[in-house]
Amino acid sequence: MRADVKSSATKSDRPSSDAAARGTGSSVRRWAVIGSGVLAVFVAAGLVGAVVRDHKAKVLAPPASAAGPSALAVPVYGKAPVTLTVFEDMRDPGSAAFARTYDPMLAQLVASGTVNVYYREVAGVDAAQGGSGSLRAGNALGCAQDAKLFSDYRDVLLQNQPAVSDDSYASDDRLISLARKVKGLDTDVFRGCVDGSDHTVWVKDSTKDFKAAQLGSAPVLQMQVTGQDQPQTLVGGGSSLTPQQITAQVIAAAQVAPVASPSPSPSA
């Protein structure tokens with residue numbers, strides 16, 4: 001009798017074990033299908049992201065309100081017939097020294113309506129020292145211009161400029177952390193612009209144009225007067241006028257120049 005009971009019990013257990021096995025197999029298959037679907041979504045997203053990044057790396061995307069030839073400059077308008085163009089590199093100690101010496105003069109000239117000022121970002125230190133801090137900082141400045149906070153963020157970058165051998169501006173995290181010093185700049189839009197390299201081609205094109213002009217290394221300050229074909233170099237390339245000398249020269253040029261101002265829209 002006990003043998004029969006034992007045999008019956010053993011037999012009765014088998015369907016339950018088989019059902020459990022089938023249930024486990026179904027669960028494994030179900031999760032495998034779900035896992036494959038999730039993986040496919042991530043792969044597709046990665047491919048789309050790669051295509052977008054590749055597109056941004058090749059196509060010029062100027063910041064908001066960019067101006068000047070090929071829209072390579074960030075303008076500060078004084079509604080005047082004289083335009084001063086500053087070529088600068090956020091990784092270059094000379095550009096920081098230039099800002100300390102000439103920025104107050106430029107601000108006064110703009111406020112008086114005597115000049116327009118164009119800022120051009122170049123990446124010369126990257127080429128000389130290696131790395132990508134100049135390019136990444138220039139890209140971040142373009143993103144700040146989109147938010148209409150170019151000047152404030154430029155000041156922060158120059159004031160916190162690392163040693164020329166330190167490529168810490170190549171870190172987007174560092175650039176974003178510095179953006180917190182500018183009220184209203186550290187937003188999802190700004191972060192996405194920085195991480196997405198939205199304006200790197202803009203910096204690269206500006207650098208190529210600057211190099212082709214054979215102006216030496218940044219910083220360089222040029223003066224363009226309405227009605228004149230060629231700009232005049234006031235600082236850089238062997239020239240180094242004082243703020244007082246530049247002010248006198250700009251005022252003299254503005255007095256005899258035709259009354260006209262550059263268009264705020266990008267020119268071809």
# chains A, B, ... in the order shown; residues from 1 in each chain; ligands from 1
$ residues_around --residues "Leu72 (chain A)" --least-positions-apart "5" --cutoff "8 Å" --atoms "only C-alpha atoms" --output "JSON, numbers by chain"
{"A": [62, 66, 67, 120, 202, 203, 205, 206]}
$ write_last_selection --atoms "C-alpha atoms" --output "PDB file, in the first residue's frame"
ATOM      1  CA  PRO A  62      25.932  80.342 -35.778  1.00  0.00           C
ATOM      2  CA  ALA A  66      25.587  86.323 -35.078  1.00  0.00           C
ATOM      3  CA  ALA A  67      26.887  88.898 -37.553  1.00  0.00           C
ATOM      4  CA  ARG A 120      35.423  86.334 -32.830  1.00  0.00           C
ATOM      5  CA  TRP A 202      31.227  78.085 -35.942  1.00  0.00           C
ATOM      6  CA  VAL A 203      34.458  78.229 -33.906  1.00  0.00           C
ATOM      7  CA  ASP A 205      35.304  78.270 -39.340  1.00  0.00           C
ATOM      8  CA  SER A 206      36.269  81.404 -37.445  1.00  0.00           C
TER       9      SER A 206
END
$ select_by_dssp --residues "region 73-138 of chain A" --states "helix (DSSP H, G or I)" --output "count of residues only"
31
$ residues_around --residues "Gly131 (chain A)" --least-positions-apart "5" --cutoff "12 Å" --atoms "only C-alpha atoms" --output "NGL selection string"
:A and (91 or 123-126 or 136-137 or 164-171)
$ write_last_selection --atoms "N, CA and C atoms" --output "PDB file, in the first residue's frame"
ATOM      1  N   ARG A  91      41.364  80.176 -24.021  1.00  0.00           N
ATOM      2  CA  ARG A  91      42.430  79.416 -23.361  1.00  0.00           C
ATOM      3  C   ARG A  91      43.758  80.171 -23.390  1.00  0.00           C
ATOM      4  N   ALA A 123      40.612  79.129 -31.962  1.00  0.00           N
ATOM      5  CA  ALA A 123      41.144  78.017 -31.165  1.00  0.00           C
ATOM      6  C   ALA A 123      42.626  77.797 -31.434  1.00  0.00           C
ATOM      7  N   GLY A 124      43.401  78.860 -31.355  1.00  0.00           N
ATOM      8  CA  GLY A 124      44.824  78.763 -31.643  1.00  0.00           C
ATOM      9  C   GLY A 124      45.617  77.988 -30.610  1.00  0.00           C
ATOM     10  N   VAL A 125      45.254  78.095 -29.333  1.00  0.00           N
ATOM     11  CA  VAL A 125      46.009  77.410 -28.291  1.00  0.00           C
ATOM     12  C   VAL A 125      45.859  75.891 -28.427  1.00  0.00           C
ATOM     13  N   ASP A 126      44.703  75.446 -28.869  1.00  0.00           N
ATOM     14  CA  ASP A 126      44.522  74.012 -29.100  1.00  0.00           C
ATOM     15  C   ASP A 126      45.551  73.492 -30.097  1.00  0.00           C
ATOM     16  N   ARG A 136      36.067  73.989 -27.198  1.00  0.00           N
ATOM     17  CA  ARG A 136      34.911  73.723 -26.349  1.00  0.00           C
ATOM     18  C   ARG A 136      34.424  74.988 -25.650  1.00  0.00           C
ATOM     19  N   ALA A 137      35.358  75.839 -25.205  1.00  0.00           N
ATOM     20  CA  ALA A 137      34.962  77.094 -24.559  1.00  0.00           C
ATOM     21  C   ALA A 137      34.291  78.024 -25.572  1.00  0.00           C
ATOM     22  N   VAL A 164      47.884  77.818 -19.352  1.00  0.00           N
ATOM     23  CA  VAL A 164      47.844  77.492 -20.771  1.00  0.00           C
ATOM     24  C   VAL A 164      48.093  76.003 -21.017  1.00  0.00           C
ATOM     25  N   SER A 165      48.820  75.354 -20.120  1.00  0.00           N
ATOM     26  CA  SER A 165      49.091  73.922 -20.272  1.00  0.00           C
ATOM     27  C   SER A 165      47.968  73.050 -19.721  1.00  0.00           C
ATOM     28  N   ASP A 166      47.002  73.675 -19.064  1.00  0.00           N
ATOM     29  CA  ASP A 166      45.883  72.958 -18.447  1.00  0.00           C
ATOM     30  C   ASP A 166      44.683  73.019 -19.387  1.00  0.00           C
ATOM     31  N   ASP A 167      44.275  71.880 -19.894  1.00  0.00           N
ATOM     32  CA  ASP A 167      43.178  71.838 -20.868  1.00  0.00           C
ATOM     33  C   ASP A 167      41.829  71.565 -20.208  1.00  0.00           C
ATOM     34  N   SER A 168      41.610  72.129 -19.024  1.00  0.00           N
ATOM     35  CA  SER A 168      40.374  71.827 -18.292  1.00  0.00           C
ATOM     36  C   SER A 168      39.128  72.364 -18.993  1.00  0.00           C
ATOM     37  N   TYR A 169      39.273  73.358 -19.876  1.00  0.00           N
ATOM     38  CA  TYR A 169      38.114  73.845 -20.619  1.00  0.00           C
ATOM     39  C   TYR A 169      37.655  72.851 -21.681  1.00  0.00           C
ATOM     40  N   ALA A 170      38.411  71.774 -21.869  1.00  0.00           N
ATOM     41  CA  ALA A 170      37.950  70.707 -22.758  1.00  0.00           C
ATOM     42  C   ALA A 170      36.824  69.908 -22.113  1.00  0.00           C
ATOM     43  N   SER A 171      36.635  70.080 -20.809  1.00  0.00           N
ATOM     44  CA  SER A 171      35.585  69.374 -20.073  1.00  0.00           C
ATOM     45  C   SER A 171      34.285  70.173 -20.105  1.00  0.00           C
TER      46      SER A 171
END
$ atom_distance --atom1 "CA of Val235 (chain A)" --atom2 "CA of Leu158 (chain A)"
18.5 Å
$ closest_residue --among "A:Pro219, A:Phe190, A:Ala64, A:Val59" --to "Ala99 (chain A)" --atoms "only C-alpha atoms"
A:Pro219
$ residues_around --residues "Ile251 (chain A)" --least-positions-apart "2" --cutoff "12 Å" --atoms "only C-alpha atoms" --output "VMD selection string"
chain A and resid 80 to 83 108 to 110 112 to 115 223 225 244 to 249 253 to 257
$ closest_residue --among "A:Thr85, A:Gln214, A:Asn116, A:Thr200" --to "Gly133 (chain A)" --atoms "only C-alpha atoms"
A:Thr200
$ residues_around --residues "Thr233 (chain A)" --least-positions-apart "6" --cutoff "8 Å" --atoms "only C-alpha atoms" --output "PyMOL selection string"
chain A and resi 220-223+239
$ closest_residue --among "A:Phe150, A:Val117, A:Ala213, A:Leu84" --to "Lys183 (chain A)" --atoms "only C-alpha atoms"
A:Phe150
$ residues_around --residues "Arg191 (chain A)" --least-positions-apart "6" --cutoff "10 Å" --atoms "only C-alpha atoms" --output "ChimeraX atom specification"
/A:140,143,172-173,175-176,179,185,197
$ write_last_selection --atoms "C-alpha atoms" --output "mmCIF file, in the first residue's frame"
data_model
loop_
_atom_site.group_PDB
_atom_site.id
_atom_site.type_symbol
_atom_site.label_atom_id
_atom_site.label_comp_id
_atom_site.auth_asym_id
_atom_site.auth_seq_id
_atom_site.Cartn_x
_atom_site.Cartn_y
_atom_site.Cartn_z
ATOM 1 C CA ALA A 140 29.988 77.192 -24.880
ATOM 2 C CA CYS A 143 25.555 78.673 -26.410
ATOM 3 C CA ASP A 172 31.952 70.263 -20.715
ATOM 4 C CA ASP A 173 31.269 69.597 -17.031
ATOM 5 C CA LEU A 175 32.215 74.777 -18.575
ATOM 6 C CA ILE A 176 28.723 74.027 -17.290
ATOM 7 C CA ALA A 179 27.889 78.759 -16.124
ATOM 8 C CA LEU A 185 22.521 80.522 -17.862
ATOM 9 C CA SER A 197 28.559 70.765 -29.727
#
$ select_by_dssp --residues "region 35-223 of chain A" --states "strand (DSSP E or B)" --output "ChimeraX atom specification"
/A:67,69,73-76,82-88,115-121,220-223
$ write_last_selection --atoms "N, CA and C atoms" --output "PDB file, in the first residue's frame"
ATOM      1  N   ALA A  67      26.776  87.902 -36.489  1.00  0.00           N
ATOM      2  CA  ALA A  67      26.887  88.898 -37.553  1.00  0.00           C
ATOM      3  C   ALA A  67      28.262  88.827 -38.199  1.00  0.00           C
ATOM      4  N   PRO A  69      30.984  88.824 -41.648  1.00  0.00           N
ATOM      5  CA  PRO A  69      31.168  87.880 -42.751  1.00  0.00           C
ATOM      6  C   PRO A  69      30.972  86.434 -42.307  1.00  0.00           C
ATOM      7  N   ALA A  73      30.815  86.336 -36.085  1.00  0.00           N
ATOM      8  CA  ALA A  73      31.069  87.247 -34.964  1.00  0.00           C
ATOM      9  C   ALA A  73      29.853  87.382 -34.059  1.00  0.00           C
ATOM     10  N   VAL A  74      30.113  87.642 -32.785  1.00  0.00           N
ATOM     11  CA  VAL A  74      29.070  88.023 -31.834  1.00  0.00           C
ATOM     12  C   VAL A  74      29.096  89.533 -31.723  1.00  0.00           C
ATOM     13  N   PRO A  75      27.998  90.213 -32.084  1.00  0.00           N
ATOM     14  CA  PRO A  75      28.021  91.679 -32.137  1.00  0.00           C
ATOM     15  C   PRO A  75      27.572  92.353 -30.841  1.00  0.00           C
ATOM     16  N   VAL A  76      28.201  93.495 -30.558  1.00  0.00           N
ATOM     17  CA  VAL A  76      27.728  94.421 -29.532  1.00  0.00           C
ATOM     18  C   VAL A  76      27.568  95.754 -30.243  1.00  0.00           C
ATOM     19  N   VAL A  82      31.941 102.724 -37.362  1.00  0.00           N
ATOM     20  CA  VAL A  82      33.224 102.069 -37.083  1.00  0.00           C
ATOM     21  C   VAL A  82      32.960 100.763 -36.340  1.00  0.00           C
ATOM     22  N   THR A  83      33.575  99.689 -36.831  1.00  0.00           N
ATOM     23  CA  THR A  83      33.436  98.385 -36.183  1.00  0.00           C
ATOM     24  C   THR A  83      34.807  97.892 -35.734  1.00  0.00           C
ATOM     25  N   LEU A  84      34.922  97.560 -34.462  1.00  0.00           N
ATOM     26  CA  LEU A  84      36.139  96.969 -33.912  1.00  0.00           C
ATOM     27  C   LEU A  84      35.896  95.463 -33.740  1.00  0.00           C
ATOM     28  N   THR A  85      36.783  94.653 -34.293  1.00  0.00           N
ATOM     29  CA  THR A  85      36.657  93.200 -34.192  1.00  0.00           C
ATOM     30  C   THR A  85      37.755  92.649 -33.294  1.00  0.00           C
ATOM     31  N   VAL A  86      37.326  91.912 -32.275  1.00  0.00           N
ATOM     32  CA  VAL A  86      38.248  91.294 -31.318  1.00  0.00           C
ATOM     33  C   VAL A  86      38.354  89.805 -31.644  1.00  0.00           C
ATOM     34  N   PHE A  87      39.556  89.355 -31.963  1.00  0.00           N
ATOM     35  CA  PHE A  87      39.820  87.923 -32.132  1.00  0.00           C
ATOM     36  C   PHE A  87      40.425  87.427 -30.825  1.00  0.00           C
ATOM     37  N   GLU A  88      39.778  86.456 -30.190  1.00  0.00           N
ATOM     38  CA  GLU A  88      40.212  86.023 -28.867  1.00  0.00           C
ATOM     39  C   GLU A  88      40.111  84.519 -28.715  1.00  0.00           C
ATOM     40  N   VAL A 115      31.258 103.097 -31.696  1.00  0.00           N
ATOM     41  CA  VAL A 115      31.669 101.878 -32.410  1.00  0.00           C
ATOM     42  C   VAL A 115      30.649 100.763 -32.233  1.00  0.00           C
ATOM     43  N   ASN A 116      30.775  99.794 -33.130  1.00  0.00           N
ATOM     44  CA  ASN A 116      30.211  98.459 -32.930  1.00  0.00           C
ATOM     45  C   ASN A 116      31.397  97.563 -32.612  1.00  0.00           C
ATOM     46  N   VAL A 117      31.186  96.550 -31.789  1.00  0.00           N
ATOM     47  CA  VAL A 117      32.264  95.607 -31.464  1.00  0.00           C
ATOM     48  C   VAL A 117      31.829  94.207 -31.866  1.00  0.00           C
ATOM     49  N   TYR A 118      32.680  93.538 -32.604  1.00  0.00           N
ATOM     50  CA  TYR A 118      32.461  92.134 -32.956  1.00  0.00           C
ATOM     51  C   TYR A 118      33.460  91.275 -32.195  1.00  0.00           C
ATOM     52  N   TYR A 119      32.979  90.173 -31.609  1.00  0.00           N
ATOM     53  CA  TYR A 119      33.855  89.223 -30.934  1.00  0.00           C
ATOM     54  C   TYR A 119      33.948  87.942 -31.761  1.00  0.00           C
ATOM     55  N   ARG A 120      35.170  87.546 -32.057  1.00  0.00           N
ATOM     56  CA  ARG A 120      35.423  86.334 -32.830  1.00  0.00           C
ATOM     57  C   ARG A 120      36.204  85.330 -31.983  1.00  0.00           C
ATOM     58  N   GLU A 121      35.665  84.142 -31.834  1.00  0.00           N
ATOM     59  CA  GLU A 121      36.319  83.100 -31.039  1.00  0.00           C
ATOM     60  C   GLU A 121      37.193  82.222 -31.939  1.00  0.00           C
ATOM     61  N   VAL A 220      43.830  89.809 -31.230  1.00  0.00           N
ATOM     62  CA  VAL A 220      44.002  90.807 -32.289  1.00  0.00           C
ATOM     63  C   VAL A 220      42.789  91.728 -32.265  1.00  0.00           C
ATOM     64  N   LEU A 221      43.031  93.010 -32.447  1.00  0.00           N
ATOM     65  CA  LEU A 221      41.948  93.992 -32.543  1.00  0.00           C
ATOM     66  C   LEU A 221      42.072  94.720 -33.872  1.00  0.00           C
ATOM     67  N   GLN A 222      41.019  94.658 -34.680  1.00  0.00           N
ATOM     68  CA  GLN A 222      41.011  95.350 -35.970  1.00  0.00           C
ATOM     69  C   GLN A 222      39.896  96.384 -36.024  1.00  0.00           C
ATOM     70  N   MET A 223      40.139  97.443 -36.798  1.00  0.00           N
ATOM     71  CA  MET A 223      39.143  98.490 -36.991  1.00  0.00           C
ATOM     72  C   MET A 223      38.713  98.520 -38.457  1.00  0.00           C
TER      73      MET A 223
END
$ decode --residues "region 87-112 of chain A" --atoms "N, CA, C and O atoms" --output "short mmCIF file (atom, residue, chain, number, x, y, z; two decimals), in the first residue's frame"
data_model
loop_
_atom_site.label_atom_id
_atom_site.label_comp_id
_atom_site.auth_asym_id
_atom_site.auth_seq_id
_atom_site.Cartn_x
_atom_site.Cartn_y
_atom_site.Cartn_z
N PHE A 87 39.56 89.36 -31.96
CA PHE A 87 39.82 87.92 -32.13
C PHE A 87 40.43 87.43 -30.82
O PHE A 87 41.48 87.92 -30.40
N GLU A 88 39.78 86.46 -30.19
CA GLU A 88 40.21 86.02 -28.87
C GLU A 88 40.11 84.52 -28.71
O GLU A 88 39.40 83.83 -29.46
N ASP A 89 40.83 84.02 -27.72
CA ASP A 89 40.89 82.58 -27.44
C ASP A 89 40.75 82.42 -25.93
O ASP A 89 41.58 82.91 -25.16
N MET A 90 39.69 81.76 -25.49
CA MET A 90 39.41 81.64 -24.06
C MET A 90 40.48 80.87 -23.30
O MET A 90 40.56 80.93 -22.07
N ARG A 91 41.36 80.18 -24.02
CA ARG A 91 42.43 79.42 -23.36
C ARG A 91 43.76 80.17 -23.39
O ARG A 91 44.76 79.69 -22.86
N ASP A 92 43.75 81.34 -23.97
CA ASP A 92 44.99 82.10 -24.19
C ASP A 92 45.18 83.18 -23.12
O ASP A 92 44.32 84.05 -22.98
N PRO A 93 46.28 83.15 -22.37
CA PRO A 93 46.52 84.18 -21.35
C PRO A 93 46.56 85.58 -21.94
O PRO A 93 46.18 86.55 -21.29
N GLY A 94 47.04 85.70 -23.19
CA GLY A 94 47.08 87.01 -23.83
C GLY A 94 45.69 87.59 -24.02
O GLY A 94 45.49 88.81 -23.92
N SER A 95 44.70 86.73 -24.29
CA SER A 95 43.32 87.21 -24.45
C SER A 95 42.75 87.70 -23.13
O SER A 95 42.00 88.68 -23.09
N ALA A 96 43.12 87.05 -22.04
CA ALA A 96 42.68 87.50 -20.72
C ALA A 96 43.32 88.85 -20.39
O ALA A 96 42.66 89.76 -19.85
N ALA A 97 44.61 89.01 -20.71
CA ALA A 97 45.29 90.28 -20.48
C ALA A 97 44.70 91.38 -21.36
O ALA A 97 44.55 92.54 -20.92
N PHE A 98 44.36 91.04 -22.60
CA PHE A 98 43.73 92.01 -23.50
C PHE A 98 42.42 92.52 -22.89
O PHE A 98 42.14 93.72 -22.90
N ALA A 99 41.62 91.59 -22.38
CA ALA A 99 40.33 91.97 -21.80
C ALA A 99 40.52 92.93 -20.62
O ALA A 99 39.78 93.91 -20.48
N ARG A 100 41.49 92.66 -19.78
CA ARG A 100 41.73 93.54 -18.63
C ARG A 100 42.15 94.93 -19.08
O ARG A 100 41.78 95.94 -18.46
N THR A 101 42.90 95.00 -20.18
CA THR A 101 43.44 96.29 -20.63
C THR A 101 42.43 97.07 -21.46
O THR A 101 42.28 98.29 -21.29
N TYR A 102 41.70 96.38 -22.35
CA TYR A 102 40.91 97.08 -23.36
C TYR A 102 39.39 97.01 -23.16
O TYR A 102 38.67 97.81 -23.76
N ASP A 103 38.89 96.07 -22.37
CA ASP A 103 37.44 95.95 -22.23
C ASP A 103 36.77 97.22 -21.71
O ASP A 103 35.69 97.60 -22.21
N PRO A 104 37.33 97.91 -20.71
CA PRO A 104 36.68 99.15 -20.28
C PRO A 104 36.59 100.19 -21.40
O PRO A 104 35.57 100.88 -21.53
N MET A 105 37.64 100.30 -22.21
CA MET A 105 37.62 101.22 -23.34
C MET A 105 36.54 100.84 -24.35
O MET A 105 35.78 101.70 -24.84
N LEU A 106 36.45 99.55 -24.66
CA LEU A 106 35.44 99.09 -25.63
C LEU A 106 34.04 99.37 -25.11
O LEU A 106 33.16 99.80 -25.88
N ALA A 107 33.82 99.15 -23.83
CA ALA A 107 32.50 99.41 -23.25
C ALA A 107 32.14 100.89 -23.34
O ALA A 107 30.99 101.25 -23.65
N GLN A 108 33.11 101.76 -23.10
CA GLN A 108 32.85 103.20 -23.18
C GLN A 108 32.55 103.63 -24.61
O GLN A 108 31.65 104.45 -24.85
N LEU A 109 33.28 103.07 -25.57
CA LEU A 109 33.06 103.43 -26.97
C LEU A 109 31.69 102.96 -27.46
O LEU A 109 31.01 103.67 -28.21
N VAL A 110 31.29 101.77 -27.04
CA VAL A 110 29.96 101.26 -27.40
C VAL A 110 28.87 102.12 -26.76
O VAL A 110 27.90 102.51 -27.41
N ALA A 111 29.04 102.43 -25.48
CA ALA A 111 28.04 103.22 -24.76
C ALA A 111 27.87 104.61 -25.37
O ALA A 111 26.78 105.17 -25.36
N SER A 112 28.97 105.15 -25.91
CA SER A 112 28.91 106.49 -26.51
C SER A 112 28.36 106.47 -27.93
O SER A 112 28.14 107.52 -28.53
#
